[in-house]
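Asker: Next comes input22.txt, compact mmCIF, C-alpha atoms:
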# COMPACT_ATOMS: atom_id res chain seq x y z
CA MET A 766 101.31 72.45 3.06
CA MET A 767 102.53 73.07 6.58
CA ILE A 768 106.00 72.01 7.69
CA SER A 769 106.76 70.32 11.00
CA ALA A 770 109.47 72.27 12.83
CA VAL A 771 111.42 71.31 15.95
CA LEU A 772 113.35 74.15 17.57
CA ILE A 773 115.58 73.77 20.63
CA LEU A 774 117.65 76.33 22.53
CA PRO A 775 120.11 76.12 25.42
CA ALA A 776 118.40 77.21 28.64
CA ALA A 777 120.56 80.35 28.76
CA LEU A 778 119.03 81.51 25.44
CA ARG A 779 115.43 80.67 26.32
CA ASP A 780 114.42 84.22 27.20
CA ALA A 781 116.11 85.59 24.09
CA GLY A 782 114.30 82.99 21.97
CA ASN A 783 110.95 83.90 23.46
CA GLN A 784 111.67 87.62 23.00
CA LEU A 785 112.48 87.01 19.33
CA SER A 786 109.23 85.07 18.88
CA ILE A 787 107.34 87.98 20.44
CA ALA A 788 109.15 90.48 18.21
CA MET A 789 108.18 88.38 15.18
CA GLY A 790 104.52 88.41 16.26
CA ARG A 791 104.49 84.67 16.94
CA ASP A 792 104.12 84.85 20.72
CA ASP A 793 102.84 87.14 23.45
CA PRO A 794 104.58 88.42 26.61
CA PRO A 795 106.03 86.99 28.75
CA GLY A 796 106.77 84.30 26.13
CA HIS A 797 105.43 80.77 25.68
CA THR A 798 107.39 79.38 22.74
CA TYR A 799 110.26 77.43 24.34
CA VAL A 800 108.38 75.55 27.07
CA VAL A 801 109.47 71.90 26.98
CA PRO A 802 112.22 71.25 29.57
CA LEU A 803 115.10 69.02 28.45
CA SER A 804 118.34 67.64 29.81
CA ALA A 805 120.81 64.88 29.05
CA ASP A 806 119.30 62.44 31.58
CA GLY A 807 115.73 63.70 31.85
CA GLN A 808 116.43 65.07 35.33
CA ALA A 809 116.91 68.59 36.66
CA PRO A 810 118.68 70.87 36.04
CA VAL A 811 117.14 71.79 32.71
CA THR A 812 119.81 72.45 30.10
CA HIS A 813 117.62 73.14 27.06
CA TYR A 814 114.07 74.12 26.16
CA GLY A 815 112.28 72.99 23.02
CA CYS A 816 109.14 73.46 20.99
CA HIS A 817 107.32 72.01 18.02
CA ALA A 818 105.57 74.30 15.54
CA TRP A 819 103.74 74.12 12.23
CA VAL A 820 105.47 76.62 9.93
CA THR A 821 105.56 77.70 6.30
CA ASP A 822 108.38 77.05 3.84
CA GLY A 823 109.14 80.78 4.12
CA PHE A 824 109.86 80.38 7.83
CA GLN A 825 112.10 77.39 7.16
CA LEU A 826 114.01 79.38 4.52
CA MET A 827 114.43 82.29 6.92
CA ILE A 828 115.97 80.04 9.58
CA GLU A 829 118.26 78.29 7.12
CA THR A 830 119.52 81.50 5.54
CA ALA A 831 120.00 83.04 8.98
CA LYS A 832 122.22 80.12 9.91
CA ASP A 833 124.29 81.04 6.86
CA GLY A 834 124.56 84.61 8.19
CA THR A 835 121.83 86.35 6.19
CA PHE A 836 119.03 87.89 8.23
CA PRO A 837 115.78 89.59 7.21
CA ASP A 838 115.72 93.37 6.97
CA TRP A 839 114.88 93.87 10.63
CA PRO A 840 115.73 96.74 13.03
CA PRO A 841 119.29 96.44 14.39
CA GLU A 842 118.16 95.39 17.89
CA MET A 843 116.00 92.60 16.48
CA THR A 844 118.79 91.40 14.19
CA ALA A 845 121.19 91.32 17.12
CA LEU A 846 118.68 89.24 19.08
CA ALA A 847 118.26 86.90 16.12
CA GLN A 848 122.04 86.49 15.76
CA LEU A 849 122.25 85.50 19.43
CA VAL A 850 119.41 82.97 19.11
CA ILE A 851 120.51 81.46 15.80
CA GLY A 852 123.97 80.85 17.26
CA GLY A 853 122.55 78.30 19.69
CA LEU A 854 119.50 77.05 17.81
CA ILE A 855 118.97 73.37 16.99
CA SER A 856 116.41 73.14 14.20
CA SER A 857 114.83 70.40 12.13
CA PHE A 858 112.14 70.54 9.45
CA LYS A 859 110.00 67.81 7.90
CA GLN A 860 107.08 67.86 5.51
CA ASP A 861 103.62 67.27 7.01
CA GLY A 862 102.91 63.55 6.80
CA GLU A 863 106.56 62.49 6.76
CA THR A 864 106.33 61.63 10.45
CA THR A 865 104.17 62.55 13.42
CA PRO A 866 105.15 65.68 15.35
CA ALA A 867 105.87 63.61 18.47
CA GLU A 868 108.15 61.25 16.52
CA HIS A 869 109.85 64.22 14.87
CA PHE A 870 110.45 65.85 18.26
CA SER A 871 111.75 62.67 19.91
CA GLY A 872 114.01 61.96 16.94
CA VAL A 873 115.67 65.37 17.28
CA LEU A 874 116.06 64.80 21.02
CA ASP A 875 117.72 61.43 20.39
CA ALA A 876 120.08 62.93 17.82
CA ASN A 877 121.18 65.58 20.31
CA GLY A 878 121.38 63.46 23.46
CA LEU A 879 118.42 65.10 25.15
CA ILE A 880 115.47 63.71 27.15
CA GLN A 881 112.26 65.49 28.14
CA LEU A 882 111.77 65.90 31.88
CA ASN A 883 108.73 64.05 33.23
CA VAL A 884 106.90 66.73 35.18
CA SER A 885 104.52 65.46 37.85
CA PRO A 886 101.21 67.18 38.71
CA MET B 1216 42.32 80.85 12.16
CA SER B 1217 43.36 82.04 15.58
CA HIS B 1218 41.88 78.87 17.02
CA LEU B 1219 44.08 76.68 14.76
CA LEU B 1220 47.14 78.75 15.54
CA ARG B 1221 46.57 78.40 19.24
CA ARG B 1222 46.28 74.64 18.92
CA ARG B 1223 49.57 74.41 17.04
CA ILE B 1224 51.40 76.49 19.59
CA TYR B 1225 50.19 74.64 22.64
CA VAL B 1226 50.58 71.05 21.48
CA PRO B 1227 53.24 69.67 23.84
CA HIS B 1228 56.32 67.91 22.43
CA ALA B 1229 55.46 64.75 24.32
CA ALA B 1230 52.15 64.53 22.51
CA ILE B 1231 53.89 64.82 19.13
CA TYR B 1232 56.33 62.06 20.09
CA VAL B 1233 53.57 59.73 21.23
CA ALA B 1234 51.83 60.38 17.95
CA GLY B 1235 54.90 59.12 16.05
CA GLY B 1236 57.02 62.23 15.53
CA ALA B 1237 60.75 62.37 16.21
CA PRO B 1238 61.87 63.28 19.74
CA PRO B 1239 63.52 66.67 20.13
CA ALA B 1240 67.16 66.56 19.07
CA PHE B 1241 69.67 66.66 21.92
CA ASP B 1242 71.59 69.93 22.05
CA ILE B 1243 74.49 69.75 24.50
CA THR B 1244 75.02 73.51 24.31
CA ALA B 1245 71.51 74.06 25.73
CA LEU B 1246 71.97 71.99 28.89
CA SER B 1247 71.55 73.81 32.16
CA ASP B 1248 74.88 74.64 33.82
CA ILE B 1249 76.83 73.78 30.68
CA VAL B 1250 80.08 75.80 30.73
CA ALA B 1251 81.83 75.07 27.46
CA VAL B 1252 81.41 72.94 24.34
CA TYR B 1253 84.04 72.55 21.60
CA ASP B 1254 83.50 70.78 18.28
CA ALA B 1255 86.39 70.64 15.80
CA ALA B 1256 83.88 70.73 12.94
CA GLN B 1257 83.00 74.33 13.79
CA GLY B 1258 84.52 77.38 15.45
CA THR B 1259 88.20 76.97 14.56
CA TYR B 1260 90.15 80.06 13.53
CA VAL B 1261 93.74 80.75 12.51
CA GLU B 1262 94.22 83.81 14.71
CA ARG B 1263 95.27 83.59 18.36
CA THR B 1264 92.83 86.27 19.43
CA GLY B 1265 89.85 84.48 20.90
CA GLY B 1266 87.82 85.85 18.03
CA GLY B 1267 89.34 85.54 14.63
CA SER B 1268 88.17 86.20 11.11
CA THR B 1269 90.03 83.51 9.17
CA PRO B 1270 88.48 80.05 9.52
CA SER B 1271 91.05 77.30 9.78
CA SER B 1272 91.41 75.16 6.69
CA VAL B 1273 91.97 71.43 6.65
CA ASP B 1274 95.66 70.69 7.38
CA GLY B 1275 96.04 74.29 8.56
CA VAL B 1276 96.76 75.66 12.01
CA VAL B 1277 94.15 76.48 14.67
CA GLY B 1278 94.92 79.49 16.87
CA THR B 1279 91.46 79.79 18.44
CA TRP B 1280 88.95 77.06 19.24
CA ARG B 1281 85.67 78.75 20.08
CA ASN B 1282 83.32 77.69 22.84
CA LEU B 1283 79.93 77.02 21.24
CA VAL B 1284 77.86 77.81 24.33
CA SER B 1285 75.97 81.04 23.77
CA GLY B 1286 77.47 83.87 25.79
CA GLY B 1287 80.53 81.79 26.66
CA SER B 1288 83.04 83.81 24.69
CA ALA B 1289 85.30 84.13 27.72
CA TYR B 1290 85.92 80.42 27.45
CA HIS B 1291 87.24 80.36 23.91
CA GLY B 1292 90.45 78.34 23.72
CA VAL B 1293 93.40 80.44 22.59
CA ALA B 1294 96.88 79.12 21.79
CA PRO B 1295 99.43 81.09 23.85
CA SER B 1296 101.94 81.12 20.97
CA ASP B 1297 102.14 80.08 17.31
CA SER B 1298 104.06 76.97 18.35
CA ALA B 1299 101.16 75.93 20.61
CA ARG B 1300 98.68 75.78 17.73
CA GLY B 1301 97.27 72.41 16.75
CA ILE B 1302 96.36 71.50 13.20
CA LEU B 1303 92.88 70.89 11.79
CA ARG B 1304 92.36 67.50 10.16
CA ASN B 1305 89.44 65.90 8.39
CA GLY B 1306 88.64 62.35 7.40
CA SER B 1307 85.60 60.12 6.92
CA GLY B 1308 83.43 63.19 7.13
CA LYS B 1309 84.62 64.10 10.63
CA ALA B 1310 86.95 66.85 11.88
CA TRP B 1311 89.47 66.88 14.67
CA ILE B 1312 92.32 68.97 16.00
CA GLU B 1313 95.62 67.13 16.05
CA PHE B 1314 97.63 67.95 19.18
CA ASP B 1315 101.34 67.32 18.71
CA GLY B 1316 102.02 65.97 22.20
CA VAL B 1317 104.90 68.42 22.57
CA ASP B 1318 103.47 71.86 23.34
CA ASP B 1319 100.05 72.21 21.68
CA ARG B 1320 97.37 73.59 23.98
CA TYR B 1321 94.66 76.22 24.23
CA LEU B 1322 94.40 78.44 27.29
CA THR B 1323 90.91 79.19 28.56
CA ALA B 1324 89.35 81.23 31.33
CA TRP B 1325 87.40 78.35 32.87
CA PRO B 1326 87.05 79.14 36.55
CA GLU B 1327 88.94 76.94 38.97
CA ALA B 1328 86.14 74.50 39.89
CA GLU B 1329 85.04 70.89 39.61
CA TYR B 1330 83.33 69.85 36.40
CA ALA B 1331 81.69 66.89 34.76
CA VAL B 1332 83.72 66.27 31.60
CA VAL B 1333 83.26 64.55 28.24
CA ALA B 1334 85.87 64.11 25.49
CA ALA B 1335 85.79 62.47 22.06
CA VAL B 1336 89.40 61.57 21.56
CA ARG B 1337 92.02 59.31 19.96
CA ILE B 1338 95.09 59.09 22.20
CA ALA B 1339 98.38 58.20 20.52
CA SER B 1340 100.22 55.13 21.74
CA GLY B 1341 103.82 55.26 22.91
CA GLN B 1342 103.36 58.09 25.41
CA SER B 1343 104.59 57.98 28.99
CA GLY B 1344 104.56 60.23 32.04
CA TYR B 1345 101.58 62.52 32.59
CA LYS B 1346 99.72 63.61 29.46
CA GLY B 1347 96.70 65.81 30.02
CA ILE B 1348 93.61 66.41 27.91
CA MET B 1349 92.50 69.42 29.97
CA CYS B 1350 93.07 71.16 33.26
CA THR B 1351 91.81 74.02 35.36
CA ASP B 1352 94.11 76.15 37.42
CA PHE B 1353 94.46 74.79 40.93
CA THR B 1354 94.80 76.33 44.35
CA THR B 1355 92.25 74.56 46.50
CA ASN B 1356 90.03 72.90 43.93
CA GLY B 1357 89.90 72.12 40.23
CA ILE B 1358 90.24 69.23 37.84
CA ALA B 1359 92.59 67.81 35.23
CA LEU B 1360 91.68 64.93 32.91
CA TYR B 1361 94.67 62.82 31.93
CA GLY B 1362 94.69 60.80 28.72
CA VAL B 1363 97.74 59.10 30.19
CA LEU B 1364 98.61 58.90 33.88
CA ASN B 1365 102.09 57.92 34.98
CA GLY B 1366 101.36 54.18 34.83
CA GLY B 1367 99.47 54.13 31.56
CA ASN B 1368 95.72 54.35 32.12
CA TRP B 1369 93.59 57.44 31.71
CA GLY B 1370 92.15 59.13 34.79
CA VAL B 1371 92.60 62.00 37.24
CA TYR B 1372 95.09 62.95 39.95
CA GLY B 1373 94.22 63.82 43.54
CA ALA B 1374 95.90 66.08 46.05
CA ALA B 1375 96.05 66.46 49.78
CA GLY B 1376 93.24 68.76 50.80
CA VAL B 1377 90.83 67.51 48.18
CA GLY B 1378 90.43 63.98 49.50
CA GLY B 1379 93.55 62.07 48.61
CA THR B 1380 96.94 62.10 46.97
CA GLY B 1381 98.14 60.33 43.86
CA ASN B 1382 96.78 58.76 40.72
CA TYR B 1383 93.12 57.87 40.37
CA PRO B 1384 93.30 55.72 37.25
CA ALA B 1385 90.36 54.41 35.30
CA ASN B 1386 90.49 50.70 34.55
CA THR B 1387 91.49 51.08 30.91
CA ASN B 1388 94.65 52.05 29.05
CA ALA B 1389 93.22 54.38 26.42
CA LYS B 1390 96.44 55.21 24.50
CA ASP B 1391 95.72 52.78 21.69
CA ASP B 1392 95.38 54.97 18.55
CA ALA B 1393 91.64 54.28 18.49
CA ASP B 1394 88.62 56.55 18.93
CA HIS B 1395 86.98 56.64 22.36
CA THR B 1396 84.63 58.67 24.49
CA LEU B 1397 85.89 59.53 27.97
CA ILE B 1398 83.46 60.84 30.58
CA LEU B 1399 83.90 62.02 34.16
CA GLU B 1400 80.50 61.76 35.85
CA GLY B 1401 80.26 63.52 39.21
CA LEU B 1402 82.17 66.43 40.66
CA SER B 1403 84.25 65.87 43.82
CA SER B 1404 83.81 62.12 43.34
CA GLY B 1405 82.25 59.97 40.69
CA THR B 1406 82.55 57.41 37.94
CA PHE B 1407 84.75 57.07 34.86
CA TYR B 1408 82.93 56.08 31.68
CA PHE B 1409 84.89 54.65 28.74
CA ASP B 1410 82.93 54.34 25.48
CA GLY B 1411 79.75 54.63 27.51
CA ALA B 1412 80.51 51.87 30.02
CA SER B 1413 81.55 52.28 33.64
CA ASP B 1414 85.37 52.17 33.91
CA GLY B 1415 86.08 52.71 37.61
CA THR B 1416 85.60 55.45 40.17
CA PHE B 1417 87.43 58.43 41.63
CA ASP B 1418 86.98 60.29 44.90
CA ALA B 1419 89.40 63.20 44.48
CA HIS B 1420 91.04 65.29 41.81
CA GLN B 1421 92.96 68.50 41.34
CA GLY B 1422 93.87 70.95 38.61
CA SER B 1423 97.29 72.13 37.50
CA ALA B 1424 98.99 74.25 40.16
CA GLY B 1425 100.29 77.54 38.86
CA ASP B 1426 99.21 76.97 35.28
CA PRO B 1427 96.18 78.54 33.60
CA SER B 1428 93.17 76.46 32.66
CA ALA B 1429 93.88 74.77 29.35
CA LEU B 1430 92.53 72.39 26.74
CA GLY B 1431 95.09 69.94 25.34
CA SER B 1432 97.33 69.62 28.37
CA SER B 1433 97.56 69.48 32.14
CA GLY B 1434 100.49 71.90 32.13
CA PRO B 1435 102.89 73.35 29.57
CA SER B 1436 105.03 70.21 29.49
CA GLN B 1437 102.22 67.68 29.96
CA CYS B 1438 100.68 67.88 26.50
CA CYS B 1439 98.89 64.85 25.10
CA ALA B 1440 99.49 63.58 21.55
CA MET B 1441 95.94 63.03 20.38
CA ARG B 1442 93.10 63.74 18.05
CA LEU B 1443 90.47 65.75 19.88
CA TYR B 1444 87.15 65.71 18.04
CA GLY B 1445 85.14 67.50 20.71
CA PHE B 1446 84.98 68.30 24.37
CA ALA B 1447 82.56 69.74 26.95
CA ILE B 1448 82.39 70.59 30.65
CA ARG B 1449 79.43 71.17 32.93
CA SER B 1450 79.32 72.56 36.46
CA THR B 1451 76.88 69.85 37.61
CA ALA B 1452 76.90 66.12 37.03
CA TRP B 1453 75.61 64.87 33.66
CA GLY B 1454 72.91 62.94 35.53
CA SER B 1455 69.99 61.92 33.36
CA ASP B 1456 71.75 63.45 30.33
CA LEU B 1457 74.66 60.99 30.54
CA ALA B 1458 73.51 58.74 27.70
CA ASN B 1459 72.81 61.69 25.43
CA VAL B 1460 76.21 63.22 26.24
CA HIS B 1461 77.93 59.97 25.33
CA ALA B 1462 75.93 59.78 22.10
CA TRP B 1463 76.91 63.37 21.27
CA ALA B 1464 80.61 62.62 21.75
CA ALA B 1465 80.38 59.38 19.78
CA SER B 1466 78.68 61.20 16.90
CA LEU B 1467 81.74 63.44 16.46
CA MET B 1468 84.00 60.49 15.59
CA PRO B 1469 84.16 58.30 12.45
Once you've parsed the file, please lay out its structure as structure tokens.
Answerer:
Amino acid sequence: MMISAVLILPAALRDAGNQLSIAMGRDDPPGHTYVVPLSADGQAPVTHYGCHAWVTDGFQLMIETAKDGTFPDWPPEMTALAQLVIGGLISSFKQDGETTPAEHFSGVLDANGLIQLNVSP
Amino acid sequence: MSHLLRRRIYVPHAAIYVAGGAPPAFDITALSDIVAVYDAAQGTYVERTGGGSTPSSVDGVVGTWRNLVSGGSAYHGVAPSDSARGILRNGSGKAWIEFDGVDDRYLTAWPEAEYAVVAAVRIASGQSGYKGIMCTDFTTNGIALYGVLNGGNWGVYGAAGVGGTGNYPANTNAKDDADHTLILEGLSSGTFYFDGASDGTFDAHQGSAGDPSALGSSGPSQCCAMRLYGFAIRSTAWGSDLANVHAWAASLMP
């Protein structure tokens, strides 16, 4: 069963987060993972970027153990990038069916005082 | 023998129908000027490659949603990242891709142009702002279909240079967690059809400036929370095929 994941990074770590996703084979250059603009009042400037993903329990375990300081056996440059990203990462995981992805995402935003910017055409 | 064979070959379809046979089945992928057809019941793959070798399983991710039009491989929908992948669902004998309404979308290579559009869709309630079902890139032309316009109803958005500026809403608020067919009939102007009935008109529309053509959004942060059962675009109006196109879309839903 897939797991609903919400991942949010400060805007300053967006590029690093996208680079890590690319290094993990989960994204392609120039990076499309952290794309949802967020701020405290839903207005510019953007302070954070978020995403929602369907992940495996192995991915969830990797994130949770990394937050405890244990990283996969990656090359040193990749581990350094992961340490930078994990230091600012907001993450939340729920089982498929526990809630809708949109409700999961908005719940994490509420808990962290963030609002999605309404982008006009 | 050759005489009998010749007779069987040259009997026109119309004659068979008049004699009581079934009319030829409608095949949307065989329409003239059809550009792309997507059906969640077929052509979904895990990989984000445009091809793929691993069919998506129910409740599993979809990285590629293939265009079913023969020779239209350039228009396969490909998620730009793992986080942009929707999930394949199934119920009541029908299949759909569930778009999360956060960042799920499939990039395509549809040319920037005006299209007649049909979607079989269930739009989630509780959404606000602009939530797109599809868009083409936009410089001077193009189209984006919104499941939710800022204001609530479904419709399109126009721009200066293509006839007008602002929302062109259909008459109906479609974000009601129920299955519907949405049709844009006409190219630079035309009629909205909601569940097969006229639902207002539009006389301008645009695509998404600076963003690639995509299915599931009208931009990277304008993603619609929805079930999408199927979708198709054509470079001419549906015209006399309109009723059949509606019936095709309706047949994809429970």
Asker: Counting only C-alpha atoms, which of B:Gly1454, B:Thr1354, B:Gly1445, B:Lys1390 gets nearest to Gln1257 (chain B)?
Answerer: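 Closest candidate: B:Gly1445.
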Asker: List as a ChimeraX atom specification the protein and nucleic acid residues near Val1276 (chain B), meaning an atom at most 7 Å away when all atoms listed in the file are counted, but skip any in the same chain fewer than 3 places from it.
Answerer: /B:1261,1271,1300-1303
Asker: I'd like the interatomic distance between CA of Ala1335 (chain B) and CA of Ala1237 (chain B), to a tenth of an Å.
Answerer: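 Answer for the CA of Ala1335 (chain B) to CA of Ala1237 (chain B) separation: 25.7 Å.
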Asker: Tell me, counting all atoms listed in the file, for each residue of region 785-846 of chain A within 9 Å of region 1414-1436 of chain B, which pair of atoms is nearest and how far apart they are in Å to one decimal, in rows ordered by chain and increasing number, as JSON lines.
Answerer:
{"residue": "A:His797", "atom": "CA", "partner": "B:Pro1435", "partner_atom": "CA", "distance": 8.8}
{"residue": "A:Val800", "atom": "CA", "partner": "B:Pro1435", "partner_atom": "CA", "distance": 6.4}
{"residue": "A:Val801", "atom": "CA", "partner": "B:Ser1436", "partner_atom": "CA", "distance": 5.4}
{"residue": "A:Pro802", "atom": "CA", "partner": "B:Ser1436", "partner_atom": "CA", "distance": 7.3}
Asker: Counting all atoms listed in the file, which residues have an atom no more than 12 Å from (119.3, 87.3, 7.4) in the file's coordinates? Please list them as a list in words.
Answerer: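 The requested residues, written out, are Phe824, Leu826, Met827, Ile828, Glu829, Thr830, Ala831, Lys832, Asp833, Gly834, Thr835, Phe836, Pro837, Asp838, Trp839, Pro840, Pro841, Met843, Thr844, Ala845, Leu846, Ala847, Gln848 and Ile851 of chain A.
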Asker: At a cut-off of 7 Å from (119.9, 85.6, 24.6) in the coordinates of the file, what residues are picked up using all atoms listed in the file, written as a list of chain:residue names?
Answerer: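 Within the cut-off we find A:Ala777, A:Leu778, A:Arg779, A:Asp780, A:Ala781, A:Gly782, A:Leu846, A:Leu849, A:Val850.
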Asker: Pro866 (chain A): which residues within 7 Å, counting only C-alpha atoms, same-chain residues fewer than 4 positions away excluded, as a list of chain:residue names?
Answerer: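 The contact residues come out as A:Ser769, A:Phe870, B:Asp1315.
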Asker: If you measure from CA of Thr865 (chain A) to CA of Leu1443 (chain B), what distance in Å do you get, rounded to one decimal?
Answerer: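 Going from CA of Thr865 (chain A) over to CA of Leu1443 (chain B), I get 15.5 Å.
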Asker: Write out as a Markdown table a residue-level contact list of chain B versus chain A with cut-off 6 Å: for each qualifying residue the closest pair of atoms and the distance in Å to one decimal, counting all atoms listed in the file, rows sorted by chain and residue number upward.
Answerer:
| residue | atom | partner | partner_atom | distance |
| --- | --- | --- | --- | --- |
| B:Ser1296 | CA | A:Asp792 | CA | 4.3 |
| B:Asp1297 | CA | A:Arg791 | CA | 5.2 |
| B:Ser1298 | CA | A:Ala818 | CA | 4.2 |
| B:Asp1315 | CA | A:Pro866 | CA | 5.3 |
| B:Gly1316 | CA | A:Ala867 | CA | 5.9 |
| B:Gly1344 | CA | A:Asn883 | CA | 5.8 |
| B:Ser1436 | CA | A:Val801 | CA | 5.4 |
Asker: Okay, now the selection with C-alpha atoms, as a compact mmCIF listing (two decimals), keeping the file's coordinate frame?
Answerer:
# COMPACT_ATOMS: atom_id res chain seq x y z
CA SER B 1296 101.94 81.12 20.97
CA ASP B 1297 102.14 80.08 17.31
CA SER B 1298 104.06 76.97 18.35
CA ASP B 1315 101.34 67.32 18.71
CA GLY B 1316 102.02 65.97 22.20
CA GLY B 1344 104.56 60.23 32.04
CA SER B 1436 105.03 70.21 29.49
Asker: Counting only C-alpha atoms, which residue out of B:Pro1295, B:Gly1411, B:Gly1258, B:Gly1306 sits closest to Tyr1321 (chain B)?
Answerer: B:Pro1295
Asker: What does the distance from CA of Gly1286 (chain B) to CA of Ile1448 (chain B) come to in Å, to one decimal?
Answerer: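 Taking CA of Gly1286 (chain B) as the start and CA of Ile1448 (chain B) as the end point, the length is 15.0 Å.
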Asker: Please determine, counting all atoms listed in the file, which residue among B:Thr1244, B:Asn1305, B:Ser1268, B:Thr1396 has the shortest atom-to-atom distance to Val1332 (chain B).
Answerer: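 Between B:Thr1244, B:Asn1305, B:Ser1268, B:Thr1396, the residue approaching Val1332 (chain B) most closely is B:Thr1396.
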Asker: Select, from A:Glu863, A:Thr821, A:Thr812, A:Ala876, the residue with the minimum atom-to-atom distance to Ile768 (chain A), counting all atoms listed in the file.
Answerer: A:Thr821
Asker: Restricting the calculation to only C-alpha atoms: of B:Asn1388, B:Thr1259, B:Ser1343, B:Ser1450, which residue gets closest to Gly1357 (chain B)?
Answerer: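 Ranking B:Asn1388, B:Thr1259, B:Ser1343, B:Ser1450 by distance to Gly1357 (chain B), first place goes to B:Ser1450.
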Asker: Let me make sure I understand: among A:Gly878, A:Pro775, A:Gly852, A:Pro795, which one has the smallest atom-to-atom distance to His813 (chain A) if we use all atoms listed in the file?
Answerer: A:Pro775
Asker: How would region 775-780 of chain A read, as a PDB file, in the frame of the given file, once all heavy atoms are built in?
Answerer:
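Output (out.pdb):
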ATOM      1  N   PRO A 775     119.543  76.246  24.072  1.00  0.00           N
ATOM      2  CA  PRO A 775     120.110  76.120  25.420  1.00  0.00           C
ATOM      3  C   PRO A 775     119.303  76.965  26.399  1.00  0.00           C
ATOM      4  O   PRO A 775     118.767  78.017  26.022  1.00  0.00           O
ATOM      5  CB  PRO A 775     121.535  76.671  25.264  1.00  0.00           C
ATOM      6  CG  PRO A 775     121.830  76.576  23.808  1.00  0.00           C
ATOM      7  CD  PRO A 775     120.519  76.750  23.104  1.00  0.00           C
ATOM      8  N   ALA A 776     119.219  76.505  27.648  1.00  0.00           N
ATOM      9  CA  ALA A 776     118.400  77.210  28.640  1.00  0.00           C
ATOM     10  C   ALA A 776     118.803  78.683  28.763  1.00  0.00           C
ATOM     11  O   ALA A 776     117.939  79.543  28.987  1.00  0.00           O
ATOM     12  CB  ALA A 776     118.516  76.510  29.993  1.00  0.00           C
ATOM     13  N   ALA A 777     120.085  78.973  28.611  1.00  0.00           N
ATOM     14  CA  ALA A 777     120.560  80.350  28.760  1.00  0.00           C
ATOM     15  C   ALA A 777     120.005  81.266  27.664  1.00  0.00           C
ATOM     16  O   ALA A 777     120.003  82.492  27.826  1.00  0.00           O
ATOM     17  CB  ALA A 777     122.087  80.385  28.742  1.00  0.00           C
ATOM     18  N   LEU A 778     119.560  80.699  26.546  1.00  0.00           N
ATOM     19  CA  LEU A 778     119.030  81.510  25.440  1.00  0.00           C
ATOM     20  C   LEU A 778     117.505  81.462  25.373  1.00  0.00           C
ATOM     21  O   LEU A 778     116.907  81.995  24.442  1.00  0.00           O
ATOM     22  CB  LEU A 778     119.620  81.022  24.106  1.00  0.00           C
ATOM     23  CG  LEU A 778     121.104  81.264  23.895  1.00  0.00           C
ATOM     24  CD1 LEU A 778     121.555  80.700  22.545  1.00  0.00           C
ATOM     25  CD2 LEU A 778     121.425  82.759  23.963  1.00  0.00           C
ATOM     26  N   ARG A 779     116.887  80.816  26.368  1.00  0.00           N
ATOM     27  CA  ARG A 779     115.430  80.670  26.320  1.00  0.00           C
ATOM     28  C   ARG A 779     114.718  82.032  26.281  1.00  0.00           C
ATOM     29  O   ARG A 779     113.828  82.253  25.446  1.00  0.00           O
ATOM     30  CB  ARG A 779     114.940  79.884  27.534  1.00  0.00           C
ATOM     31  CG  ARG A 779     113.446  79.709  27.559  1.00  0.00           C
ATOM     32  CD  ARG A 779     112.982  79.286  28.944  1.00  0.00           C
ATOM     33  NE  ARG A 779     111.640  78.754  28.935  1.00  0.00           N
ATOM     34  CZ  ARG A 779     110.944  78.476  30.020  1.00  0.00           C
ATOM     35  NH1 ARG A 779     111.485  78.661  31.214  1.00  0.00           N
ATOM     36  NH2 ARG A 779     109.726  77.992  29.939  1.00  0.00           N
ATOM     37  N   ASP A 780     115.089  82.920  27.158  1.00  0.00           N
ATOM     38  CA  ASP A 780     114.420  84.220  27.200  1.00  0.00           C
ATOM     39  C   ASP A 780     114.620  84.973  25.884  1.00  0.00           C
ATOM     40  O   ASP A 780     113.685  85.614  25.379  1.00  0.00           O
ATOM     41  CB  ASP A 780     114.934  85.055  28.373  1.00  0.00           C
ATOM     42  CG  ASP A 780     114.449  84.529  29.716  1.00  0.00           C
ATOM     43  OD1 ASP A 780     113.515  83.696  29.716  1.00  0.00           O
ATOM     44  OD2 ASP A 780     115.010  84.938  30.750  1.00  0.00           O
TER      45      ASP A 780
END
